[in-house]
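my_file.txt follows (compact mmCIF, C-alpha atoms):
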# COMPACT_ATOMS: atom_id res chain seq x y z
CA MET S 830 63.21 42.83 15.23
CA TYR S 831 65.37 42.31 18.33
CA LEU S 832 65.07 38.54 17.96
CA CYS S 833 66.53 38.61 14.44
CA ARG S 834 69.33 41.00 15.36
CA ARG S 835 70.33 38.91 18.38
CA MET S 836 70.49 35.67 16.40
CA MET S 837 72.10 37.13 13.29
CA ASN S 838 75.25 38.51 14.96
CA GLU S 839 78.43 38.82 12.91
CA ALA S 840 79.93 35.52 14.11
CA THR S 841 76.75 33.63 13.18
CA ARG S 842 76.53 35.44 9.83
CA LEU S 843 80.13 34.50 9.01
CA PHE S 844 79.55 30.86 10.01
CA ILE S 845 76.52 30.66 7.73
CA ARG S 846 78.41 32.19 4.81
CA GLN S 847 81.34 29.79 5.24
CA HIS S 848 79.20 26.65 5.51
CA LEU S 849 76.36 27.21 3.03
CA GLN S 850 77.53 24.26 0.93
CA ASP S 851 78.35 21.89 3.80
CA ASP S 852 76.36 18.87 4.99
CA ILE S 853 73.99 20.07 7.73
CA ARG S 854 74.07 16.81 9.70
CA GLN S 855 77.85 16.83 9.74
CA LEU S 856 77.84 20.47 10.83
CA ALA S 857 75.45 19.64 13.66
CA LEU S 858 77.67 16.78 14.83
CA ARG S 859 80.87 18.77 14.50
CA GLY S 860 79.49 21.90 16.15
CA THR S 861 81.57 25.03 16.60
CA LYS S 862 84.13 26.23 19.11
CA ASP S 863 83.04 29.85 18.75
CA PRO S 864 80.65 30.66 21.61
CA GLU S 865 79.34 33.66 19.68
CA VAL S 866 77.83 31.42 17.00
CA ASP S 867 74.20 30.44 17.52
CA LEU S 868 74.59 27.01 15.94
CA ALA S 869 70.92 26.02 15.94
CA PHE S 870 69.95 29.26 14.23
CA ALA S 871 72.85 28.98 11.76
CA LEU S 872 71.79 25.46 10.75
CA GLN S 873 68.23 26.70 10.29
CA GLN S 874 69.50 29.44 7.97
CA ILE S 875 71.64 27.07 5.92
CA ASP S 876 68.73 24.65 5.53
CA GLY S 877 66.33 27.50 4.72
CA HIS S 878 68.66 28.96 2.12
CA ARG S 879 68.92 25.63 0.31
CA ARG S 880 65.16 25.27 0.19
CA ALA S 881 64.85 28.86 -0.98
CA LEU S 882 67.14 28.23 -3.96
CA GLU S 883 64.27 26.25 -5.51
CA LYS S 884 61.28 27.81 -3.82
CA LEU S 885 62.25 31.50 -3.47
CA SER S 886 65.13 31.95 -5.88
CA THR S 887 65.04 35.77 -5.90
CA TRP S 888 65.07 36.01 -2.10
CA ALA S 889 67.92 33.49 -1.94
CA THR S 890 70.19 35.99 -3.71
CA ILE S 891 69.63 38.73 -1.11
CA GLU S 892 72.25 38.92 1.63
CA GLY S 893 70.75 38.95 5.12
CA ILE S 894 67.33 37.40 4.43
CA VAL S 895 66.31 35.43 7.51
CA TRP S 896 64.74 32.01 7.01
CA PRO S 897 62.16 30.58 9.44
CA SER S 898 61.84 27.04 10.80
CA HIS S 899 61.69 23.97 8.57
CA LEU S 900 57.89 23.76 8.96
CA SER S 901 57.34 27.40 8.00
CA MET S 902 59.57 27.00 4.94
CA GLU S 903 57.63 23.89 3.99
CA GLN S 904 54.27 25.63 4.35
CA CYS S 905 55.09 28.97 2.72
CA SER S 906 54.19 29.74 -0.89
CA SER S 907 56.72 29.46 -3.67
CA GLU S 908 57.82 32.53 -5.57
CA ARG S 909 55.89 31.40 -8.66
CA THR S 910 52.57 31.00 -6.85
CA ALA S 911 53.09 34.22 -4.87
CA LEU S 912 53.72 36.13 -8.09
CA TYR S 913 50.57 34.63 -9.55
CA LYS S 914 48.55 35.78 -6.55
CA ALA S 915 50.06 39.24 -6.86
CA GLY S 916 48.81 39.34 -10.45
CA VAL S 917 45.32 38.37 -9.32
CA ALA S 918 45.42 40.95 -6.51
CA GLY S 919 46.38 43.80 -8.81
CA CYS S 920 46.92 47.31 -7.41
CA GLY S 921 45.21 49.50 -4.88
CA GLU S 922 45.59 51.73 -1.87
CA SER S 923 45.38 49.32 1.06
CA PHE S 924 45.99 45.61 1.56
CA VAL S 925 45.73 43.43 4.68
CA ASP S 926 46.99 39.87 5.14
CA LEU S 927 45.28 38.40 8.19
CA THR S 928 47.40 35.21 8.31
CA ALA S 929 50.79 36.36 7.06
CA GLY S 930 53.03 33.55 8.37
CA PHE S 931 56.53 33.93 6.92
CA GLY S 932 55.11 36.66 4.68
CA VAL S 933 55.89 35.39 1.18
CA ASP S 934 52.43 35.97 -0.30
CA ALA S 935 52.15 39.28 1.54
CA ALA S 936 55.52 40.50 0.26
CA PHE S 937 54.60 39.97 -3.39
CA ILE S 938 51.02 41.22 -3.12
CA ALA S 939 52.03 44.30 -1.10
CA GLN S 940 54.16 45.61 -3.97
CA GLY S 941 50.96 46.67 -5.74
CA PHE S 942 49.55 48.66 -2.81
CA GLN S 943 50.39 51.98 -1.17
CA ARG S 944 49.85 50.59 2.33
CA ALA S 945 49.96 47.03 3.61
CA VAL S 946 49.44 45.34 6.97
CA CYS S 947 50.57 41.79 7.73
CA VAL S 948 49.05 40.17 10.80
CA GLU S 949 50.76 37.13 12.31
CA VAL S 950 50.19 35.45 15.66
CA GLN S 951 53.71 33.99 16.07
CA PRO S 952 56.18 36.60 17.43
CA GLU S 953 59.22 34.99 15.83
CA LEU S 954 57.67 35.05 12.35
CA CYS S 955 56.71 38.69 12.90
CA ALA S 956 60.31 39.53 13.78
CA ILE S 957 61.64 37.66 10.76
CA SER S 958 59.20 39.20 8.28
CA SER S 959 59.78 42.70 9.69
CA ALA S 960 63.50 42.36 9.08
CA ASN S 961 63.05 40.81 5.64
CA PHE S 962 60.54 43.42 4.46
CA GLN S 963 63.08 46.15 5.12
CA LEU S 964 65.67 44.32 3.00
CA LEU S 965 63.05 43.85 0.28
CA GLY S 966 62.23 47.56 0.25
CA LEU S 967 58.67 47.06 1.48
CA HIS S 968 58.75 50.12 3.72
CA GLN S 969 55.00 50.67 3.31
CA THR S 970 54.31 47.32 5.00
CA GLU S 971 53.51 47.12 8.70
CA VAL S 972 53.81 43.84 10.60
CA VAL S 973 51.36 43.32 13.46
CA ASN S 974 51.84 40.56 16.03
CA GLY S 975 48.30 39.47 16.82
CA ASN S 976 45.31 37.34 15.98
CA GLY S 977 43.89 37.95 12.53
CA VAL S 978 40.28 37.54 13.65
CA ASP S 979 40.74 40.12 16.41
CA TYR S 980 42.46 42.49 14.00
CA LEU S 981 39.57 42.14 11.54
CA HIS S 982 37.14 43.38 14.19
CA GLU S 983 39.09 46.62 14.65
CA MET S 984 40.62 47.31 11.25
CA PRO S 985 39.50 50.13 8.94
CA PRO S 986 38.15 49.27 5.47
CA ALA S 987 40.69 47.95 2.93
CA ASP S 988 40.79 47.43 -0.80
CA LEU S 989 41.91 43.81 -0.44
CA VAL S 990 42.05 41.31 2.41
CA PHE S 991 43.98 38.07 1.99
CA ILE S 992 43.53 35.05 4.25
CA ASP S 993 45.18 31.64 4.21
CA PRO S 994 43.67 29.63 7.07
CA ALA S 995 45.87 26.99 8.69
CA ARG S 996 45.11 23.46 7.50
CA ARG S 997 46.25 21.66 10.64
CA ASP S 998 44.20 20.96 13.74
CA GLU S 999 45.33 21.38 17.34
CA HIS S 1000 47.02 17.96 17.19
CA GLY S 1001 48.99 18.78 14.03
CA GLY S 1002 46.81 16.67 11.74
CA ARG S 1003 45.88 17.93 8.28
CA THR S 1004 42.42 19.36 7.66
CA TYR S 1005 40.82 20.17 4.32
CA GLY S 1006 37.26 21.43 4.89
CA ILE S 1007 36.85 25.21 5.14
CA ALA S 1008 35.05 24.91 8.46
CA ASP S 1009 37.86 22.73 9.87
CA CYS S 1010 40.63 25.24 9.13
CA THR S 1011 41.83 27.94 11.53
CA PRO S 1012 40.35 30.48 11.42
CA ASN S 1013 37.00 29.32 10.08
CA VAL S 1014 36.47 31.63 7.10
CA LEU S 1015 32.78 30.72 6.86
CA GLU S 1016 32.20 32.31 10.25
CA MET S 1017 34.05 35.45 9.12
CA ILE S 1018 32.79 35.89 5.57
CA ASP S 1019 30.15 38.53 6.31
CA GLU S 1020 32.58 40.66 8.29
CA LEU S 1021 35.30 40.18 5.70
CA LEU S 1022 33.00 41.44 2.96
CA ALA S 1023 31.96 44.36 5.15
CA LYS S 1024 35.58 45.42 5.64
CA ALA S 1025 37.06 44.81 2.18
CA GLN S 1026 36.13 45.52 -1.42
CA ARG S 1027 37.67 42.20 -2.33
CA VAL S 1028 38.69 39.14 -0.33
CA MET S 1029 41.17 36.57 -1.60
CA ILE S 1030 41.00 33.20 0.16
CA LYS S 1031 43.67 30.52 -0.29
CA LEU S 1032 42.47 26.99 0.40
CA SER S 1033 43.66 23.40 0.09
CA PRO S 1034 43.79 21.85 -3.40
CA MET S 1035 42.11 18.80 -1.84
CA LEU S 1036 38.82 20.68 -1.50
CA ASP S 1037 35.83 20.21 -3.77
CA TRP S 1038 36.00 23.70 -5.27
CA ARG S 1039 32.35 23.75 -6.34
CA LYS S 1040 31.22 22.97 -2.79
CA ALA S 1041 33.59 25.65 -1.50
CA VAL S 1042 31.92 28.17 -3.83
CA ALA S 1043 28.52 27.17 -2.50
CA ASP S 1044 29.76 27.44 1.11
CA LEU S 1045 31.20 30.92 0.51
CA GLY S 1046 28.06 32.09 -1.32
CA GLU S 1047 27.82 31.82 -5.10
CA GLN S 1048 26.44 35.34 -5.37
CA ASN S 1049 29.68 36.69 -3.87
CA VAL S 1050 32.33 34.59 -5.63
CA SER S 1051 33.73 36.42 -8.66
CA ALA S 1052 36.56 34.05 -9.57
CA VAL S 1053 38.11 30.69 -8.75
CA HIS S 1054 41.78 30.05 -9.53
CA ILE S 1055 43.10 26.48 -9.58
CA VAL S 1056 46.89 26.80 -9.44
CA SER S 1057 49.37 24.05 -10.27
CA VAL S 1058 53.17 24.08 -10.46
CA ASN S 1059 54.78 21.64 -12.89
CA ASN S 1060 51.53 19.69 -13.07
CA GLU S 1061 51.06 19.38 -9.30
CA CYS S 1062 47.96 21.14 -7.99
CA LYS S 1063 49.13 23.47 -5.20
CA GLU S 1064 46.28 25.71 -4.16
CA LEU S 1065 42.79 27.01 -4.74
CA LEU S 1066 42.19 30.76 -4.71
CA PHE S 1067 38.73 32.22 -4.30
CA VAL S 1068 38.11 35.90 -5.03
CA VAL S 1069 35.04 37.08 -3.16
CA GLU S 1070 33.21 40.41 -3.47
CA CYS S 1071 29.99 41.44 -1.80
CA GLY S 1072 27.16 40.98 -4.29
CA ALA S 1073 29.64 40.33 -7.10
CA TRP S 1074 26.93 39.00 -9.42
CA SER S 1075 23.24 39.49 -9.85
CA VAL S 1076 22.97 35.86 -10.95
CA GLU S 1077 24.35 33.16 -8.66
CA GLY S 1078 27.04 31.03 -10.24
CA ASP S 1079 28.13 33.65 -12.79
CA TYR S 1080 31.82 33.43 -11.85
CA SER S 1081 34.95 32.65 -13.85
CA VAL S 1082 37.26 29.67 -13.36
CA HIS S 1083 40.96 29.98 -14.16
CA CYS S 1084 43.06 26.82 -14.48
CA VAL S 1085 46.76 27.65 -14.54
CA ASN S 1086 49.79 25.37 -14.62
CA LEU S 1087 53.05 27.23 -13.89
CA LEU S 1088 55.99 25.51 -15.56
CA SER S 1089 59.65 25.46 -14.53
CA ASP S 1090 60.77 27.16 -17.77
CA GLY S 1091 58.78 30.25 -16.79
CA SER S 1092 55.87 29.58 -19.14
CA GLU S 1093 52.34 28.68 -18.11
CA GLU S 1094 49.33 26.79 -19.40
CA ARG S 1095 45.95 28.48 -18.98
CA PHE S 1096 42.40 27.34 -19.48
CA GLU S 1097 39.59 29.67 -18.44
CA PHE S 1098 35.85 29.38 -18.59
CA ASP S 1099 32.62 30.78 -17.24
CA ALA S 1100 31.06 28.55 -14.60
CA GLN S 1101 27.72 28.95 -16.38
CA ALA S 1102 29.09 27.92 -19.80
CA PRO S 1103 27.20 24.99 -21.38
CA SER S 1104 29.01 21.65 -21.46
CA PRO S 1105 28.15 19.63 -24.58
CA ILE S 1106 28.48 15.89 -24.28
CA LYS S 1107 30.80 14.05 -26.68
CA ILE S 1108 31.60 10.36 -26.64
CA LEU S 1109 34.07 8.56 -28.89
CA HIS S 1110 32.42 6.48 -31.61
CA SER S 1111 35.04 6.54 -34.39
CA PRO S 1112 37.61 3.72 -34.78
CA LEU S 1113 40.83 4.36 -32.88
CA PHE S 1114 43.06 4.05 -35.94
CA THR S 1115 41.69 7.37 -37.25
CA PHE S 1116 43.35 9.25 -34.38
CA HIS S 1117 47.06 10.08 -34.28
CA PHE S 1118 47.44 12.21 -31.15
CA LEU S 1119 46.62 11.69 -27.48
CA TYR S 1120 46.27 14.50 -24.92
CA GLU S 1121 46.36 14.47 -21.13
CA PRO S 1122 45.00 17.58 -19.33
CA ASN S 1123 47.20 19.22 -16.70
CA ALA S 1124 46.48 18.96 -12.98
CA SER S 1125 44.49 22.21 -12.77
CA VAL S 1126 42.17 21.23 -15.60
CA MET S 1127 41.76 17.78 -14.06
CA LYS S 1128 40.82 19.44 -10.78
CA ALA S 1129 38.33 21.72 -12.52
CA GLY S 1130 36.62 18.74 -14.14
CA CYS S 1131 35.65 20.74 -17.25
CA PHE S 1132 36.26 17.90 -19.68
CA ASP S 1133 33.30 18.41 -22.03
CA LEU S 1134 34.12 22.10 -22.38
CA LEU S 1135 37.77 21.22 -23.00
CA ALA S 1136 36.76 18.81 -25.77
CA GLU S 1137 34.53 21.41 -27.40
CA ARG S 1138 37.09 24.22 -27.31
CA PHE S 1139 40.05 22.23 -28.64
CA GLY S 1140 38.21 19.86 -30.95
CA VAL S 1141 39.47 16.73 -29.20
CA MET S 1142 37.50 13.58 -28.42
CA PRO S 1143 37.27 11.99 -24.96
CA LEU S 1144 38.06 8.29 -24.96
CA HIS S 1145 35.50 7.68 -22.23
CA ARG S 1146 33.51 9.86 -19.87
CA ASN S 1147 35.63 8.72 -16.91
CA SER S 1148 39.03 8.28 -18.57
CA HIS S 1149 39.93 12.00 -18.93
CA LEU S 1150 42.20 11.34 -21.91
CA PHE S 1151 41.55 12.83 -25.34
CA VAL S 1152 42.46 11.96 -28.93
CA SER S 1153 42.61 13.94 -32.14
CA ASP S 1154 43.35 13.24 -35.79
CA ALA S 1155 45.44 16.44 -36.01
CA GLU S 1156 47.94 18.07 -33.68
CA VAL S 1157 46.34 20.60 -31.32
CA ALA S 1158 48.20 23.78 -30.47
CA ASP S 1159 48.18 25.20 -26.93
CA PHE S 1160 46.36 22.28 -25.34
CA PRO S 1161 46.56 22.78 -21.53
CA GLY S 1162 48.49 19.61 -20.74
CA ARG S 1163 50.74 17.05 -22.38
CA GLY S 1164 50.50 15.91 -25.98
CA PHE S 1165 51.66 12.60 -27.46
CA VAL S 1166 51.94 10.93 -30.84
CA ILE S 1167 50.12 7.59 -30.82
CA GLU S 1168 52.36 4.91 -32.29
CA ARG S 1169 50.04 1.95 -31.73
CA THR S 1170 47.22 0.70 -29.55
CA THR S 1171 46.50 -2.75 -28.21
CA SER S 1172 43.98 -4.62 -26.15
CA MET S 1173 45.02 -6.76 -23.18
CA ASN S 1174 45.05 -9.83 -25.41
CA LYS S 1175 48.30 -11.72 -24.73
CA ARG S 1176 49.28 -12.08 -28.38
CA GLU S 1177 48.57 -8.42 -29.14
CA LEU S 1178 50.53 -7.37 -26.06
CA ARG S 1179 53.49 -9.56 -27.03
CA ASP S 1180 53.62 -8.06 -30.50
CA SER S 1181 53.30 -4.48 -29.21
CA LEU S 1182 55.98 -5.00 -26.56
CA ALA S 1183 58.56 -6.41 -28.97
CA GLY S 1184 61.84 -4.59 -28.36
CA VAL S 1185 60.41 -2.51 -25.48
CA THR S 1186 62.27 -2.86 -22.16
CA GLN S 1187 61.19 0.31 -20.33
CA ALA S 1188 58.36 2.81 -20.45
CA ASN S 1189 56.55 5.50 -18.51
CA ILE S 1190 53.19 3.99 -17.52
CA ALA S 1191 50.01 5.81 -16.50
CA VAL S 1192 46.58 4.34 -15.82
CA ARG S 1193 43.27 6.17 -16.19
CA ASN S 1194 39.96 4.45 -15.55
CA PHE S 1195 41.66 1.04 -15.69
CA PRO S 1196 41.29 -2.03 -13.43
CA LEU S 1197 45.04 -2.37 -12.69
CA SER S 1198 47.30 -0.02 -10.76
CA THR S 1199 50.44 1.37 -12.39
CA ALA S 1200 52.60 -0.99 -10.32
CA ASP S 1201 50.50 -4.04 -11.18
CA LEU S 1202 50.47 -3.22 -14.88
CA ARG S 1203 54.23 -2.62 -14.91
CA LYS S 1204 54.73 -6.00 -13.27
CA ARG S 1205 52.49 -7.71 -15.82
CA LEU S 1206 54.24 -6.02 -18.75
CA LYS S 1207 57.69 -6.69 -17.21
CA LEU S 1208 58.95 -3.20 -18.02
CA LEU S 1209 61.42 -0.93 -16.26
CA ASP S 1210 60.45 2.66 -15.55
CA GLY S 1211 61.61 5.52 -17.77
CA GLY S 1212 62.64 5.96 -21.37
CA ASP S 1213 60.89 7.86 -24.15
CA ILE S 1214 57.91 5.52 -24.57
CA TYR S 1215 54.69 6.40 -22.73
CA ILE S 1216 52.00 3.78 -22.19
CA PHE S 1217 48.53 4.97 -21.23
CA ALA S 1218 46.24 2.20 -19.99
CA THR S 1219 42.62 3.24 -20.03
CA THR S 1220 39.04 2.37 -20.95
CA VAL S 1221 37.66 3.41 -24.34
CA ALA S 1222 33.92 3.86 -24.80
CA ASN S 1223 32.40 0.79 -26.50
CA GLN S 1224 35.88 -0.70 -27.02
CA GLY S 1225 36.95 -1.82 -23.55
CA HIS S 1226 40.42 -1.68 -22.00
CA ARG S 1227 43.17 -0.41 -24.28
CA LEU S 1228 46.87 0.44 -24.07
CA PHE S 1229 48.20 3.41 -26.04
CA PHE S 1230 51.90 3.32 -26.91
CA CYS S 1231 52.99 6.93 -27.40
CA ARG S 1232 55.90 9.34 -27.64
CA LYS S 1233 55.87 12.96 -26.52
CA ILE S 1234 55.22 15.55 -29.18
CA SER S 1235 58.61 17.15 -29.84
Here is a file; write its structure as structure tokens.
Amino acid sequence: MYLCRRMMNEATRLFIRQHLQDDIRQLALRGTKDPEVDLAFALQQIDGHRRALEKLSTWATIEGIVWPSHLSMEQCSSERTALYKAGVAGCGESFVDLTAGFGVDAAFIAQGFQRAVCVEVQPELCAISSANFQLLGLHQTEVVNGNGVDYLHEMPPADLVFIDPARRDEHGGRTYGIADCTPNVLEMIDELLAKAQRVMIKLSPMLDWRKAVADLGEQNVSAVHIVSVNNECKELLFVVECGAWSVEGDYSVHCVNLLSDGSEERFEFDAQAPSPIKILHSPLFTFHFLYEPNASVMKAGCFDLLAERFGVMPLHRNSHLFVSDAEVADFPGRGFVIERTTSMNKRELRDSLAGVTQANIAVRNFPLSTADLRKRLKLLDGGDIYIFATTVANQGHRLFFCRKIS
């Protein structure tokens, strides 16, 4: 707490308020003549506030919130994903975050619990989160400066423990495997389950989530959440409970895509649900709509189940694009009206490209990259035409000229 009070003196606070809209590089070059202003800290706050306007919009409106370093702001959760985790966490009596960092996830989750403890190894982040929690009204939340693994050994039982292991090694390089993160959750899982009714583990979206389930113990995993924001996969959440199921693999999978307008796309299924196999055999001209799953569904890989539930047909087992003869409501992804299709035949391409100067191009299961195909088609990027280049079962390489469903 002393660290935050020392840096956020009145002169520094006034400087920040006066220069929130100014260019940070120019401010750094120009400096300040007031010796009471901690310029480095002020620049950090101005930069943090700007990032928070998009990432933590509610916090950005609160006077006095202290922002951490650029790296911590980059690594912390967004408000949307933190709110989602709070919904998964629910309510209870006691909550412990063993790797609190800047404390964004902890702040949102803690609101559902009577008591909360946030453990963080970096003293500066502890000081910042302590000050911020008071401004946020989280008076039931204690901040502990220490090692989360050591705290786990001594802590009393809790309703929920949250852990977000660091994904960088000692040299600053990115890591993705559970065992390569710090701390190694696989080495802690038995003790975690002994100390908490539920454990929520946040892991890299780069992981193979099915392997992660196997590593954590299928009999203990109750749910997997694949979370995307505006169609970019951001994180994997694993909810683990001791002996959650009598049958291994009987867990639920939740694919969620949080959109900038406040809405969300959801697709949920039981990991044990059967996956019927469907392959396109009908002529393409019978289909009028094309659908592209969102990033969370793509990560889940539940394409056969998706086809069965929404009555759409996969173009090819490896293309991950779907067609339908009728418009499909609530499909978890983007929908398009198919205006025409073409092969890569030069004459067909010439006819299909007549009058087209720009388009949004995507390739799926296709021998050319987006850049190479754009060069061959001689099209600028953008516009309201979408071209999907893909492989269709028994029909080879095809281009779909589409427009978004309005």
Do you know which residues are at most 12 Å from S:Thr910 counting only C-alpha atoms, after dropping those on the same chain fewer than 4 positions away, and could you put them as a JSON list (two decimals) with C-alpha atoms, keeping the file's coordinate frame?
[["chain", "number", "residue", "atom", "x", "y", "z"],
["S", 884, "LYS", "CA", 61.28, 27.81, -3.82],
["S", 885, "LEU", "CA", 62.25, 31.50, -3.47],
["S", 905, "CYS", "CA", 55.09, 28.97, 2.72],
["S", 906, "SER", "CA", 54.19, 29.74, -0.89],
["S", 914, "LYS", "CA", 48.55, 35.78, -6.55],
["S", 915, "ALA", "CA", 50.06, 39.24, -6.86],
["S", 916, "GLY", "CA", 48.81, 39.34, -10.45],
["S", 917, "VAL", "CA", 45.32, 38.37, -9.32],
["S", 933, "VAL", "CA", 55.89, 35.39, 1.18],
["S", 934, "ASP", "CA", 52.43, 35.97, -0.30],
["S", 935, "ALA", "CA", 52.15, 39.28, 1.54],
["S", 937, "PHE", "CA", 54.60, 39.97, -3.39],
["S", 938, "ILE", "CA", 51.02, 41.22, -3.12],
["S", 1031, "LYS", "CA", 43.67, 30.52, -0.29],
["S", 1054, "HIS", "CA", 41.78, 30.05, -9.53],
["S", 1055, "ILE", "CA", 43.10, 26.48, -9.58],
["S", 1056, "VAL", "CA", 46.89, 26.80, -9.44],
["S", 1057, "SER", "CA", 49.37, 24.05, -10.27],
["S", 1058, "VAL", "CA", 53.17, 24.08, -10.46],
["S", 1059, "ASN", "CA", 54.78, 21.64, -12.89],
["S", 1061, "GLU", "CA", 51.06, 19.38, -9.30],
["S", 1062, "CYS", "CA", 47.96, 21.14, -7.99],
["S", 1063, "LYS", "CA", 49.13, 23.47, -5.20],
["S", 1064, "GLU", "CA", 46.28, 25.71, -4.16],
["S", 1065, "LEU", "CA", 42.79, 27.01, -4.74],
["S", 1066, "LEU", "CA", 42.19, 30.76, -4.71],
["S", 1085, "VAL", "CA", 46.76, 27.65, -14.54],
["S", 1086, "ASN", "CA", 49.79, 25.37, -14.62],
["S", 1087, "LEU", "CA", 53.05, 27.23, -13.89],
["S", 1088, "LEU", "CA", 55.99, 25.51, -15.56],
["S", 1089, "SER", "CA", 59.65, 25.46, -14.53],
["S", 1091, "GLY", "CA", 58.78, 30.25, -16.79],
["S", 1093, "GLU", "CA", 52.34, 28.68, -18.11]]
Do you know which residues are at most 12 Å from stretch 963-967 of chain S counting all atoms listed in the file, after dropping those on the same chain fewer than 6 positions away, and could you put them as a list in words?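 Once the nearby chain positions are removed, what remains is Met830, Thr887, Trp888, Ala889, Thr890, Ile891, Glu892, Gly893, Ile894, Val895, Gly932, Val933, Ala935, Ala936, Phe937, Ile938, Ala939, Gln940, Gly941, Phe942, Gln943, Arg944, Ala945, Val946, Cys947, Ala956 and Ile957 of chain S.
For S:Arg1039, the set of protein, DNA and RNA residues having any atom at most 12 Å away, when counting all atoms listed in the file and skipping those fewer than 4 positions along the same chain, is S:Pro1034, S:Met1035, S:Ala1043, S:Asp1044, S:Leu1045, S:Gly1046, S:Glu1047, S:Val1050, S:Ala1052, S:Val1053, S:His1054, S:Ile1055, S:Leu1065, S:Phe1067, S:Gly1078, S:Tyr1080, S:Ser1081, S:Val1082, S:Ala1100, S:Lys1128, S:Ala1129, S:Gly1130, S:Cys1131.
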Would you export the selected residues with C-alpha atoms as a PDB file, in the coordinates of the input, please?
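part12.pdb, written as the output of this step:
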ATOM      1  CA  PRO S1034      43.790  21.850  -3.400  1.00  0.00           C
ATOM      2  CA  MET S1035      42.110  18.800  -1.840  1.00  0.00           C
ATOM      3  CA  ALA S1043      28.520  27.170  -2.500  1.00  0.00           C
ATOM      4  CA  ASP S1044      29.760  27.440   1.110  1.00  0.00           C
ATOM      5  CA  LEU S1045      31.200  30.920   0.510  1.00  0.00           C
ATOM      6  CA  GLY S1046      28.060  32.090  -1.320  1.00  0.00           C
ATOM      7  CA  GLU S1047      27.820  31.820  -5.100  1.00  0.00           C
ATOM      8  CA  VAL S1050      32.330  34.590  -5.630  1.00  0.00           C
ATOM      9  CA  ALA S1052      36.560  34.050  -9.570  1.00  0.00           C
ATOM     10  CA  VAL S1053      38.110  30.690  -8.750  1.00  0.00           C
ATOM     11  CA  HIS S1054      41.780  30.050  -9.530  1.00  0.00           C
ATOM     12  CA  ILE S1055      43.100  26.480  -9.580  1.00  0.00           C
ATOM     13  CA  LEU S1065      42.790  27.010  -4.740  1.00  0.00           C
ATOM     14  CA  PHE S1067      38.730  32.220  -4.300  1.00  0.00           C
ATOM     15  CA  GLY S1078      27.040  31.030 -10.240  1.00  0.00           C
ATOM     16  CA  TYR S1080      31.820  33.430 -11.850  1.00  0.00           C
ATOM     17  CA  SER S1081      34.950  32.650 -13.850  1.00  0.00           C
ATOM     18  CA  VAL S1082      37.260  29.670 -13.360  1.00  0.00           C
ATOM     19  CA  ALA S1100      31.060  28.550 -14.600  1.00  0.00           C
ATOM     20  CA  LYS S1128      40.820  19.440 -10.780  1.00  0.00           C
ATOM     21  CA  ALA S1129      38.330  21.720 -12.520  1.00  0.00           C
ATOM     22  CA  GLY S1130      36.620  18.740 -14.140  1.00  0.00           C
ATOM     23  CA  CYS S1131      35.650  20.740 -17.250  1.00  0.00           C
TER      24      CYS S1131
END
Nearby residues (all atoms listed in the file) at most 9 Å from S:Val973, same-chain spacing under 4 positions excluded, as a PyMOL selection string: chain S and resi 946-950+955+980
Take atom CA of S:Asp993 and atom CA of S:His968 and report the distance between them in Å, one decimal.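 Separating atom CA of S:Asp993 from atom CA of S:His968 is a distance of 22.9 Å.
Here atom CA of S:Asp1090 stands at a distance of 28.8 Å from atom CA of S:Asp852.
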Quick one: axis-aligned box around all listed atoms of stretch 845-862 of chain S, 4 Å on every side, centre and edge lengths in Å to one decimal, written as AutoDock Vina command-line options.
--center_x 79.1 --center_y 24.5 --center_z 10.0 --size_x 18.1 --size_y 23.4 --size_z 26.2
Kindly give the distance, in Å, that separates atom CA of S:Pro1122 and atom CA of S:Ala1222, rounded to a single decimal.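 Separation of atom CA of S:Pro1122 and atom CA of S:Ala1222: 18.5 Å.
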All residues 12 Å or closer to stretch 1133-1137 of chain S, only C-alpha atoms, same chain fewer than 3 positions away omitted, as a PyMOL selection string: chain S and resi 1084+1095-1109+1120-1123+1126-1127+1129-1130+1140-1147+1149-1153+1157+1159-1162
